[in-house]
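Colleague: Below is the file coords-v1.txt, which contains compact mmCIF, C-alpha atoms.
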# COMPACT_ATOMS: atom_id res chain seq x y z
CA MET A 1 22.68 -23.58 16.63
CA ALA A 2 20.26 -26.49 16.74
CA GLY A 3 16.68 -25.42 16.19
CA SER A 4 14.39 -26.91 18.73
CA SER A 5 11.73 -27.52 16.12
CA GLN A 6 13.28 -28.76 12.92
CA ILE A 7 11.59 -27.26 9.91
CA ARG A 8 10.60 -29.91 7.42
CA THR A 9 11.80 -29.39 3.91
CA ASN A 10 9.20 -30.85 1.65
CA SER A 11 9.43 -30.86 -2.09
CA SER A 12 5.75 -31.30 -2.65
CA ALA A 13 3.37 -30.33 0.09
CA LEU A 14 -0.32 -29.59 0.03
CA ILE A 15 -2.41 -26.59 0.94
CA ALA A 16 -5.24 -27.40 3.32
CA MET A 17 -8.45 -25.39 3.50
CA ILE A 18 -11.11 -24.89 6.13
CA ALA A 19 -13.57 -22.47 4.60
CA ASP A 20 -17.09 -22.01 3.39
CA GLU A 21 -18.38 -23.70 0.30
CA ASP A 22 -17.72 -20.93 -2.19
CA THR A 23 -14.16 -20.31 -1.18
CA VAL A 24 -13.36 -24.00 -1.21
CA THR A 25 -14.97 -24.42 -4.62
CA GLY A 26 -12.89 -21.61 -6.00
CA PHE A 27 -9.67 -23.08 -4.68
CA LEU A 28 -10.61 -26.52 -5.89
CA LEU A 29 -11.07 -25.04 -9.32
CA ALA A 30 -7.54 -23.73 -9.12
CA GLY A 31 -6.35 -27.23 -8.42
CA VAL A 32 -5.51 -27.20 -4.75
CA GLY A 33 -7.74 -30.07 -3.73
CA ASN A 34 -6.35 -33.50 -3.09
CA VAL A 35 -8.05 -36.77 -2.30
CA ASP A 36 -5.76 -39.62 -1.45
CA ILE A 37 -6.26 -43.36 -1.54
CA ARG A 38 -7.94 -43.48 1.84
CA ARG A 39 -10.42 -40.82 0.68
CA LYS A 40 -8.87 -38.27 2.98
CA THR A 41 -9.19 -34.78 1.66
CA ASN A 42 -7.16 -31.71 2.39
CA TYR A 43 -10.15 -29.45 2.70
CA LEU A 44 -13.14 -29.06 4.97
CA ILE A 45 -16.27 -27.31 3.81
CA VAL A 46 -17.87 -25.49 6.72
CA ASP A 47 -21.54 -24.59 6.59
CA SER A 48 -24.16 -23.80 9.15
CA LYS A 49 -24.47 -27.43 10.15
CA THR A 50 -20.83 -28.07 10.93
CA THR A 51 -20.08 -28.46 14.61
CA VAL A 52 -17.22 -26.70 16.33
CA LYS A 53 -15.88 -30.12 17.30
CA ALA A 54 -15.65 -31.15 13.65
CA ILE A 55 -13.75 -27.96 12.85
CA GLU A 56 -11.39 -28.55 15.77
CA ASP A 57 -10.74 -32.10 14.68
CA ALA A 58 -10.07 -31.06 11.12
CA PHE A 59 -7.70 -28.34 12.30
CA LYS A 60 -5.81 -30.72 14.53
CA GLU A 61 -5.62 -33.27 11.79
CA PHE A 62 -4.36 -30.82 9.19
CA THR A 63 -1.71 -29.43 11.47
CA SER A 64 -0.40 -32.83 12.40
CA ARG A 65 -0.23 -34.17 8.87
CA GLU A 66 3.25 -34.33 7.46
CA ASP A 67 2.38 -33.43 3.91
CA ILE A 68 0.48 -30.21 4.57
CA ALA A 69 2.51 -27.03 4.55
CA VAL A 70 -0.15 -24.32 4.61
CA VAL A 71 -3.60 -24.25 6.21
CA LEU A 72 -6.01 -21.61 4.93
CA ILE A 73 -8.82 -20.89 7.31
CA SER A 74 -11.61 -18.37 6.96
CA GLN A 75 -11.48 -15.74 9.60
CA TYR A 76 -14.97 -16.29 10.95
CA ILE A 77 -14.22 -19.99 11.33
CA ALA A 78 -10.93 -19.15 13.02
CA ASN A 79 -12.89 -17.10 15.49
CA MET A 80 -14.83 -20.21 16.40
CA ILE A 81 -11.69 -22.11 17.32
CA ARG A 82 -9.71 -19.04 18.34
CA PHE A 83 -8.10 -20.71 21.34
CA LEU A 84 -6.73 -23.53 19.21
CA VAL A 85 -5.41 -21.16 16.57
CA ASP A 86 -3.80 -18.86 19.10
CA SER A 87 -2.10 -21.63 21.02
CA TYR A 88 -0.64 -23.12 17.86
CA ASN A 89 3.05 -22.34 17.86
CA ASN A 90 4.75 -24.40 15.17
CA PRO A 91 6.13 -22.61 12.15
CA VAL A 92 5.08 -25.40 9.81
CA PRO A 93 2.35 -25.77 8.68
CA ALA A 94 1.60 -22.08 8.44
CA ILE A 95 -1.87 -20.99 9.48
CA LEU A 96 -3.28 -18.25 7.31
CA GLU A 97 -6.53 -16.45 8.00
CA ILE A 98 -8.38 -15.44 4.87
CA PRO A 99 -11.47 -13.31 4.54
CA SER A 100 -14.65 -14.77 3.21
CA LYS A 101 -17.39 -13.29 1.10
CA ASP A 102 -19.63 -12.29 3.98
CA HIS A 103 -16.91 -11.45 6.47
CA PRO A 104 -14.33 -9.01 5.20
CA TYR A 105 -10.86 -9.11 6.59
CA ASP A 106 -10.54 -7.85 10.14
CA PRO A 107 -6.95 -7.42 11.26
CA ALA A 108 -7.97 -7.06 14.88
CA HIS A 109 -8.70 -10.76 15.16
CA ASP A 110 -5.83 -12.17 13.20
CA SER A 111 -3.72 -14.21 15.58
CA VAL A 112 -0.40 -13.24 14.01
CA LEU A 113 -1.14 -9.56 13.67
CA SER A 114 -2.45 -9.32 17.21
CA ARG A 115 0.87 -10.72 18.33
CA VAL A 116 2.48 -8.03 16.23
CA ARG A 117 0.50 -5.33 17.93
CA TYR A 118 1.61 -6.76 21.23
CA LEU A 119 5.14 -6.44 19.93
CA PHE A 120 4.80 -2.72 19.44
CA SER A 121 3.59 -2.21 22.97
CA ALA A 122 5.86 -1.47 25.92
CA GLU A 123 7.55 -4.79 26.60
CA SER A 124 8.30 -6.84 23.56
CA VAL A 125 10.93 -8.46 21.49
CA ALA A 126 10.98 -5.99 18.62
CA SER A 127 10.84 -2.78 20.58
CA GLY A 128 12.65 -1.95 23.75
CA ARG A 129 14.89 -4.96 23.68
CA ARG A 130 16.68 -5.38 27.01
CA MET B 1 18.75 -12.47 40.68
CA SER B 2 21.87 -13.44 42.58
CA GLY B 3 24.27 -11.22 40.70
CA GLN B 4 26.78 -9.81 43.07
CA GLY B 5 28.06 -12.32 45.52
CA GLN B 6 28.33 -15.41 43.34
CA ARG B 7 31.64 -16.85 42.35
CA LEU B 8 32.84 -20.23 41.25
CA THR B 9 34.48 -22.43 43.86
CA VAL B 10 38.04 -22.97 42.69
CA VAL B 11 41.48 -23.56 44.09
CA PRO B 12 43.12 -20.10 44.20
CA THR B 13 46.28 -20.84 42.25
CA VAL B 14 48.07 -18.93 39.53
CA THR B 15 47.05 -21.42 36.85
CA MET B 16 43.39 -21.07 37.81
CA LEU B 17 43.81 -17.31 37.52
CA GLY B 18 45.02 -17.74 33.96
CA VAL B 19 42.16 -20.08 33.14
CA MET B 20 39.56 -17.71 34.56
CA LYS B 21 41.01 -14.77 32.66
CA ALA B 22 40.83 -16.73 29.41
CA ARG B 23 37.22 -17.63 30.11
CA LEU B 24 36.35 -14.03 30.83
CA VAL B 25 37.84 -12.97 27.51
CA GLY B 26 35.83 -15.66 25.77
CA ALA B 27 32.64 -14.61 27.50
CA THR B 28 33.16 -10.96 26.58
CA ARG B 29 33.74 -11.79 22.94
CA GLY B 30 30.77 -14.10 22.83
CA HIS B 31 28.59 -11.44 24.37
CA ALA B 32 29.56 -8.87 21.74
CA LEU B 33 28.95 -11.32 18.91
CA LEU B 34 25.57 -12.36 20.22
CA LYS B 35 24.49 -8.77 20.58
CA LYS B 36 25.40 -8.14 16.98
CA LYS B 37 23.45 -11.19 15.92
CA SER B 38 20.45 -10.06 17.90
CA ASP B 39 20.58 -6.65 16.25
CA ALA B 40 20.78 -8.17 12.78
CA LEU B 41 17.84 -10.46 13.51
CA THR B 42 15.77 -7.58 14.81
CA VAL B 43 16.38 -5.63 11.63
CA GLN B 44 15.21 -8.60 9.57
CA PHE B 45 12.23 -9.01 11.85
CA ARG B 46 11.02 -5.50 11.34
CA ALA B 47 11.45 -5.74 7.59
CA ILE B 48 9.35 -8.91 7.50
CA LEU B 49 6.75 -7.31 9.67
CA LYS B 50 6.27 -4.46 7.25
CA GLN B 51 6.02 -6.87 4.39
CA ILE B 52 3.43 -8.95 6.18
CA VAL B 53 1.20 -5.97 6.85
CA SER B 54 1.27 -4.83 3.25
CA THR B 55 0.78 -8.35 1.86
CA LYS B 56 -2.20 -8.98 4.09
CA GLU B 57 -3.88 -5.92 2.74
CA SER B 58 -3.29 -6.92 -0.85
CA MET B 59 -4.55 -10.39 0.00
CA GLY B 60 -7.83 -8.92 1.12
CA ASP B 61 -8.24 -7.27 -2.27
CA ILE B 62 -7.28 -10.35 -4.22
CA MET B 63 -9.65 -12.57 -2.30
CA ARG B 64 -12.42 -10.14 -3.02
CA SER B 65 -11.75 -10.14 -6.73
CA SER B 66 -11.58 -13.92 -6.82
CA SER B 67 -14.93 -14.13 -5.05
CA PHE B 68 -16.35 -11.90 -7.70
CA ALA B 69 -14.99 -14.20 -10.37
CA LEU B 70 -16.56 -17.16 -8.63
CA THR B 71 -19.90 -15.42 -8.41
CA GLU B 72 -19.72 -14.77 -12.11
CA VAL B 73 -19.08 -18.42 -12.72
CA LYS B 74 -22.00 -19.42 -10.59
CA TYR B 75 -24.22 -17.03 -12.42
CA VAL B 76 -23.20 -18.31 -15.80
CA THR B 77 -23.01 -22.02 -15.19
CA GLY B 78 -25.77 -22.40 -12.69
CA ASP B 79 -25.34 -23.55 -9.16
CA ASN B 80 -24.34 -27.09 -10.00
CA ILE B 81 -20.80 -26.06 -10.63
CA LYS B 82 -19.97 -26.74 -7.00
CA HIS B 83 -20.89 -30.36 -7.17
CA VAL B 84 -19.07 -30.87 -10.41
CA VAL B 85 -15.94 -29.34 -8.99
CA LEU B 86 -16.21 -31.33 -5.80
CA GLU B 87 -16.57 -34.54 -7.73
CA SER B 88 -13.62 -33.83 -9.93
CA VAL B 89 -11.07 -33.46 -7.17
CA LYS B 90 -8.35 -36.02 -7.52
CA SER B 91 -4.80 -35.12 -6.81
CA ALA B 92 -3.63 -31.59 -6.18
CA SER B 93 -2.00 -29.99 -9.14
CA LEU B 94 -1.05 -26.84 -7.27
CA ARG B 95 1.43 -27.73 -4.61
CA VAL B 96 3.85 -26.02 -2.29
CA ARG B 97 7.53 -26.57 -1.99
CA SER B 98 9.22 -25.74 1.29
CA ARG B 99 12.91 -25.16 1.69
CA GLN B 100 15.17 -23.56 4.26
CA GLU B 101 16.91 -20.28 3.82
CA ASN B 102 19.74 -19.09 6.02
CA VAL B 103 19.16 -15.51 7.09
CA ALA B 104 21.65 -13.99 9.52
CA GLY B 105 22.43 -17.40 10.86
CA VAL B 106 18.85 -18.52 11.37
CA LYS B 107 17.22 -21.16 9.22
CA LEU B 108 13.97 -19.72 7.94
CA PRO B 109 11.43 -21.74 6.00
CA ARG B 110 10.36 -20.45 2.61
CA PHE B 111 7.40 -21.68 0.62
CA GLU B 112 6.97 -21.49 -3.07
CA HIS B 113 4.13 -22.85 -5.07
CA PHE B 114 4.49 -24.86 -8.20
CA VAL B 115 2.15 -26.55 -10.57
CA ASP B 116 2.48 -30.27 -10.80
CA HIS B 117 1.18 -30.86 -14.27
CA GLY B 118 1.50 -34.60 -14.01
CA ALA B 119 -1.08 -34.79 -11.28
CA GLY B 120 -3.60 -32.61 -13.07
CA ASP B 121 -6.95 -34.26 -13.52
CA ALA B 122 -8.62 -34.42 -16.82
CA LYS B 123 -12.04 -34.17 -15.32
CA SER B 124 -11.66 -30.56 -14.20
CA ASP B 125 -10.67 -29.58 -17.69
CA LEU B 126 -14.10 -30.56 -18.90
CA THR B 127 -15.87 -28.57 -16.22
CA GLY B 128 -16.88 -25.60 -18.27
CA LEU B 129 -17.51 -27.43 -21.47
CA ALA B 130 -21.26 -26.95 -21.43
CA ARG B 131 -21.36 -23.28 -20.66
CA GLY B 132 -19.33 -20.62 -19.01
CA GLY B 133 -15.94 -21.98 -19.99
CA GLN B 134 -14.43 -18.55 -20.23
CA GLN B 135 -15.66 -17.50 -16.81
CA ILE B 136 -14.33 -20.68 -15.33
CA GLN B 137 -10.96 -20.04 -16.87
CA SER B 138 -10.79 -16.51 -15.56
CA CYS B 139 -11.98 -17.68 -12.15
CA ARG B 140 -9.29 -20.29 -12.16
CA VAL B 141 -6.68 -17.70 -13.03
CA ALA B 142 -7.92 -15.40 -10.28
CA PHE B 143 -7.73 -18.13 -7.69
CA VAL B 144 -4.29 -19.22 -8.79
CA LYS B 145 -3.14 -15.64 -8.34
CA ALA B 146 -4.74 -15.63 -4.93
CA ILE B 147 -2.86 -18.80 -4.07
CA GLU B 148 0.39 -17.16 -5.07
CA VAL B 149 -0.16 -14.29 -2.69
CA LEU B 150 -1.32 -16.61 0.03
CA VAL B 151 1.71 -18.84 -0.26
CA GLU B 152 3.97 -15.84 -0.04
CA LEU B 153 2.08 -14.67 3.00
CA ALA B 154 2.43 -18.06 4.62
CA SER B 155 6.13 -17.93 3.93
CA LEU B 156 6.42 -14.52 5.57
CA GLN B 157 4.38 -15.64 8.53
CA THR B 158 6.51 -18.68 9.27
CA SER B 159 9.71 -16.68 8.92
CA PHE B 160 8.21 -14.16 11.28
CA LEU B 161 7.42 -16.75 13.92
CA THR B 162 10.79 -18.46 13.57
CA LEU B 163 12.64 -15.16 13.80
CA ASP B 164 10.65 -14.30 16.88
CA GLU B 165 11.82 -17.49 18.57
CA ALA B 166 15.41 -16.94 17.47
CA ILE B 167 15.47 -13.38 18.75
CA LYS B 168 14.07 -14.44 22.10
CA THR B 169 16.70 -17.18 22.46
CA THR B 170 19.55 -14.89 21.46
CA ASN B 171 18.43 -12.18 23.84
CA ARG B 172 18.16 -14.69 26.61
CA ARG B 173 21.75 -15.77 25.97
CA VAL B 174 22.98 -12.17 25.84
CA ASN B 175 21.34 -11.39 29.13
CA ALA B 176 22.63 -14.55 30.73
CA LEU B 177 26.19 -13.78 29.68
CA GLU B 178 25.95 -10.21 30.81
CA ASN B 179 24.19 -10.67 34.14
CA VAL B 180 25.30 -14.07 35.33
CA VAL B 181 28.39 -15.48 33.65
CA LYS B 182 30.57 -12.40 33.44
CA PRO B 183 29.99 -11.16 37.01
CA ARG B 184 30.64 -14.66 38.28
CA LEU B 185 33.94 -14.88 36.43
CA GLU B 186 34.95 -11.40 37.55
CA ASN B 187 34.17 -12.26 41.16
CA THR B 188 36.16 -15.46 40.87
CA ILE B 189 39.13 -13.61 39.45
CA SER B 190 39.11 -11.01 42.19
CA TYR B 191 38.77 -13.76 44.80
CA ILE B 192 41.78 -15.61 43.38
CA LYS B 193 43.81 -12.41 43.28
CA ALA B 194 42.88 -11.65 46.87
CA GLU B 195 43.85 -15.13 47.99
CA LEU B 196 47.15 -14.94 46.14
CA ASP B 197 47.91 -11.58 47.71
CA GLU B 198 47.16 -12.94 51.11
CA LEU B 199 49.40 -15.92 50.57
CA GLU B 200 52.15 -13.60 49.49
CA ARG B 201 51.64 -11.48 52.55
CA GLU B 202 51.72 -14.54 54.74
CA ASP B 203 54.94 -15.60 53.10
CA PHE B 204 56.44 -12.18 53.55
CA PHE B 205 55.41 -12.10 57.17
CA ARG B 206 56.83 -15.54 57.77
CA LEU B 207 60.07 -14.49 56.13
CA LYS B 208 60.33 -11.40 58.29
CA LYS B 209 59.62 -13.38 61.42
CA ILE B 210 62.30 -15.90 60.58
CA GLN B 211 64.73 -13.14 59.86
CA GLY B 212 63.94 -11.70 63.26
CA TYR B 213 64.57 -15.04 64.93
CA LYS B 214 67.82 -15.47 63.09
CA LYS B 215 69.00 -12.06 64.08
CA ARG B 216 68.20 -12.70 67.69
CA GLU B 217 69.97 -16.04 67.52
CA ILE B 218 73.03 -14.38 66.14
CA GLN B 219 72.95 -11.71 68.81
CA ARG B 220 72.60 -14.28 71.54
CA GLN B 221 75.45 -16.25 70.18
CA GLU B 222 77.62 -13.17 70.04
CA GLN B 223 76.82 -12.40 73.63
CA ALA B 224 77.53 -15.93 74.71
CA ALA B 225 80.83 -15.85 72.85
CA LYS B 226 81.78 -12.56 74.46
CA LYS B 227 80.97 -13.88 77.89
CA PHE B 228 83.02 -16.98 77.29
CA ALA B 229 85.93 -14.91 76.09
CA GLU B 230 85.73 -12.76 79.24
CA GLU B 231 85.67 -15.84 81.43
CA GLN B 232 88.72 -17.19 79.76
CA HIS B 233 90.55 -13.96 80.18
CA ALA B 234 89.60 -13.80 83.83
CA ASP B 235 90.86 -17.34 84.25
CA LYS B 236 94.19 -16.48 82.76
CA ILE B 237 94.61 -13.44 84.94
CA SER B 238 93.67 -15.20 88.14
CA LEU B 239 96.11 -17.96 87.28
CA LYS B 240 98.96 -15.58 86.67
CA LYS B 241 98.27 -13.39 89.64
CA GLY B 242 97.16 -16.04 92.02
CA ILE B 243 94.03 -14.21 92.99
CA SER B 244 90.46 -15.42 93.01
CA ILE B 245 88.31 -15.31 89.98
CA LYS B 246 86.06 -12.74 91.45
CA SER B 247 88.78 -10.22 92.11
CA ALA B 248 90.06 -10.95 88.61
CA TYR B 249 86.69 -9.97 87.30
CA ASN B 250 86.74 -6.81 89.33
CA LEU B 251 90.20 -6.04 88.04
CA LEU B 252 89.05 -6.60 84.55
CA GLU B 253 86.00 -4.52 84.91
CA ALA B 254 87.95 -1.71 86.40
CA GLY B 255 90.48 -2.08 83.67
CA ALA B 256 87.64 -2.24 81.10
CA GLY B 257 89.22 -4.98 79.18
CA LYS B 258 92.86 -5.58 78.26
CA ASP B 259 95.18 -2.77 78.95
CA GLU B 260 98.40 -2.77 76.95
CA ASP B 261 100.41 -1.21 79.69
CA ILE B 262 99.80 -3.98 82.19
CA ILE B 263 102.55 -6.45 81.57
CA PHE B 264 101.57 -9.30 83.89
Could you take the file, read its structure, and then write that structure out as C-alpha cells?
Modeller:
Amino acid sequence: MAGSSQIRTNSSALIAMIADEDTVTGFLLAGVGNVDIRRKTNYLIVDSKTTVKAIEDAFKEFTSREDIAVVLISQYIANMIRFLVDSYNNPVPAILEIPSKDHPYDPAHDSVLSRVRYLFSAESVASGRR
Amino acid sequence: MSGQGQRLTVVPTVTMLGVMKARLVGATRGHALLKKKSDALTVQFRAILKQIVSTKESMGDIMRSSSFALTEVKYVTGDNIKHVVLESVKSASLRVRSRQENVAGVKLPRFEHFVDHGAGDAKSDLTGLARGGQQIQSCRVAFVKAIEVLVELASLQTSFLTLDEAIKTTNRRVNALENVVKPRLENTISYIKAELDELEREDFFRLKKIQGYKKREIQRQEQAAKKFAEEQHADKISLKKGISIKSAYNLLEAGAGKDEDIIF
C-alpha cells in the first residue's frame, strides 16, 4: 500500500549533532563532522550562551535537510526544545536522545520511550487492540 | 456510529443480489487478511520494542565509556585538542546508508553506517602527533563504536515509528470493514431479498386474482349458455304445442327438463 510519507533511500547520508562541546568533539574525532562548500556544518555546539531559538533553528534545519539521516541530540538540550522534539513525527531523519557527561540518561524524558510507556497503558496500539 | 440501519440504495433485482453477495464475500476475505496482517505487525512491533529498550541501556554505557576516553585525551593533550579537532573538520568520513526493508508487507527504513575512506581528511590524522596519539586513537575507536550503536538505535526507532503508523492504519481498515462495510452489505442483501419476496408475493396474488376472475367468467358463461339452451327448448315446445312461452316454461319446470316419455 502506498506509504503516506515516502522513506528516502540515501546511499550516503550524514549524522547531525546538537550537543555540548565535549560530545561534539568526540564525534568529530570519529569523523562524523561535515562542512560543505557553503560552510554549513552538520553539528551545533551548545554551551551556556546558546539561545533556545538558535537550538530550535538548528533542529528545524537539520530535520529538513535531505542529506541528514540521523540527528543526535543531548537529552538536556532536548528538554529545552521538548515540544519541537515531541511533535516531530517523520521517520527520517531519526531523532536520537543521547546522554551527556553531566546529565546521565533518563528514560522518563525520552520522547520515544514515553510514547512506549503510553503504549503499555490501557488504550494503545500494542496492547488491547480493538 | 450509524451501524444498523444503513444500506446502499440499489435497484432490488436478482443481478444486484448476486453482485452484493460477491462484494460481501470479498469484504469478509479482506477483513480476515487484514486482521492477520495486523497481528503479524504487532508481533514485530513488540520485538522491536524490546530491542529498543535493551539497546538504549547499552548506549548509555557506551556513551559513558567514550566520555571517559575523551577526558583522557583532554588530560593528555591539553585542552587545545577541541580547537584542533574543530578546525580539521572537512567532509564526513563516517556516513550512514539508508535502505528500505520489507517486513510483513511494510517498508521499514534501515540505517547502516559505513566509512567513506575517500572523504577522510588528512588533517585529523595529524591531530595527536605532538602528544597523546594513543589516547586519541582509542578515543576515536570508542566513539566509532558509539556511533555504531547509535545508528542501530536510530534504525530501530524509525522502524518502530513506521510500524506504529502501519498498525494504526491497518486497524482502522479492519474496524471499518467490520463495523461499516459488512453490516451495510448485509443490510442491502436482506433488503433486496425482502423486495424480491414481496414482488413474488405480488405476482402470486395477481395470478390468483386472475384465476378467480377467469373462473367466474367461465361460470357466468356456463350459466348464460344454460339459460339460452332452456329458452330454446321452451321455444320449441311452445311452437309444437301452440301454447304461450310462459306455460311452456312452467311445463318444463314441472317436467324438470326433457322427459323421454313425452313424445310431443
Colleague: Contacts of Ala47 of chain B at 12 Å or less, counting all atoms listed in the file, minus same-chain residues fewer than 5 places along, as a list in words?
Modeller: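 Here the answer would be Ala126 of chain A; Ala40, Leu41, Thr42, Ile52, Val53, Ser54, Leu156, Ser159, Phe160 and Leu163 of chain B.
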Colleague: Pull C-alpha atoms from the residues just selected and write them as an mmCIF file, in the coordinates of the input.
Modeller:
data_model
loop_
_atom_site.group_PDB
_atom_site.id
_atom_site.type_symbol
_atom_site.label_atom_id
_atom_site.label_comp_id
_atom_site.auth_asym_id
_atom_site.auth_seq_id
_atom_site.Cartn_x
_atom_site.Cartn_y
_atom_site.Cartn_z
ATOM 1 C CA ALA A 126 10.980 -5.990 18.620
ATOM 2 C CA ALA B 40 20.780 -8.170 12.780
ATOM 3 C CA LEU B 41 17.840 -10.460 13.510
ATOM 4 C CA THR B 42 15.770 -7.580 14.810
ATOM 5 C CA ILE B 52 3.430 -8.950 6.180
ATOM 6 C CA VAL B 53 1.200 -5.970 6.850
ATOM 7 C CA SER B 54 1.270 -4.830 3.250
ATOM 8 C CA LEU B 156 6.420 -14.520 5.570
ATOM 9 C CA SER B 159 9.710 -16.680 8.920
ATOM 10 C CA PHE B 160 8.210 -14.160 11.280
ATOM 11 C CA LEU B 163 12.640 -15.160 13.800
#
Colleague: Wanna dump the chain A-chain B contacts at 7 Å for me, each residue with its shortest atom pair and the distance in Å to one decimal, counting all atoms listed in the file, ordered by chain and number, as a tab-separated table?
Modeller:
residue	atom	partner	partner_atom	distance
A:Ile7	CA	B:Pro109	CA	6.8
A:Thr9	CA	B:Arg99	CA	4.9
A:Asn10	CA	B:Ser98	CA	5.1
A:Ser11	CA	B:Arg97	CA	4.7
A:Ser12	CA	B:Arg97	CA	5.1
A:Ala13	CA	B:Val96	CA	4.9
A:Leu14	CA	B:Arg95	CA	5.3
A:Ile15	CA	B:Arg95	CA	6.8
A:Thr25	CA	B:Lys82	CA	6.0
A:Gly26	CA	B:Leu70	CA	6.3
A:Phe27	CA	B:Phe143	CA	6.1
A:Leu28	CA	B:Val85	CA	6.8
A:Leu29	CA	B:Arg140	CA	5.8
A:Ala30	CA	B:Arg140	CA	4.9
A:Gly31	CA	B:Ser93	CA	5.2
A:Val32	CA	B:Ala92	CA	5.0
A:Gly33	CA	B:Ala92	CA	5.0
A:Asn34	CA	B:Ser91	CA	4.3
A:Val35	CA	B:Lys90	CA	5.3
A:Val70	CA	B:Ala154	CA	6.8
A:Pro91	CA	B:Thr158	CA	4.9
A:Val92	CA	B:Thr158	CA	6.9
A:Ala94	CA	B:Ala154	CA	5.6
A:Leu96	CA	B:Ala154	CA	6.3
A:Pro99	CA	B:Gly60	CA	6.6
A:Lys101	CA	B:Ser67	CA	6.7
A:Tyr105	CA	B:Gly60	CA	6.3
A:Val125	CA	B:Lys168	CA	6.8
A:Ala126	CA	B:Thr42	CA	6.3
Colleague: Atom CA of Thr77 of chain B and atom CA of Ile77 of chain A, how far apart in Å?
Modeller: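 Going from atom CA of Ile77 of chain A over to atom CA of Thr77 of chain B, I get 28.0 Å.
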Colleague: Report the distance between atom CA of Glu195 of chain B and atom CA of Val14 of chain B in Å, rounded to one decimal place.
Modeller: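 Computing it gives 10.2 Å between the two atoms.
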Colleague: Quick one: residues within 10 Å of (85.6, -14.8, 83.0) (file frame), counting only C-alpha atoms, please, as a VMD selection string.
Modeller: chain B and resid 226 to 238 245 to 246 248 to 249 252
Colleague: Would you work out the distance separating atom CA of Pro93 of chain A from atom CA of Lys49 of chain A, expressed in Å to one decimal?
Modeller: 26.9 Å
Colleague: So that I can see what lies close to Met17 of chain A, please list as a list of chain:residue names the residues with an atom at most 7 Å from it, counting only C-alpha atoms and leaving out residues fewer than 2 positions away in the same chain.
Modeller: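 The residues that qualify are A:Ile15, A:Ala19, A:Val24, A:Asn42, A:Tyr43, A:Leu44, A:Val71, A:Leu72, A:Ile73.
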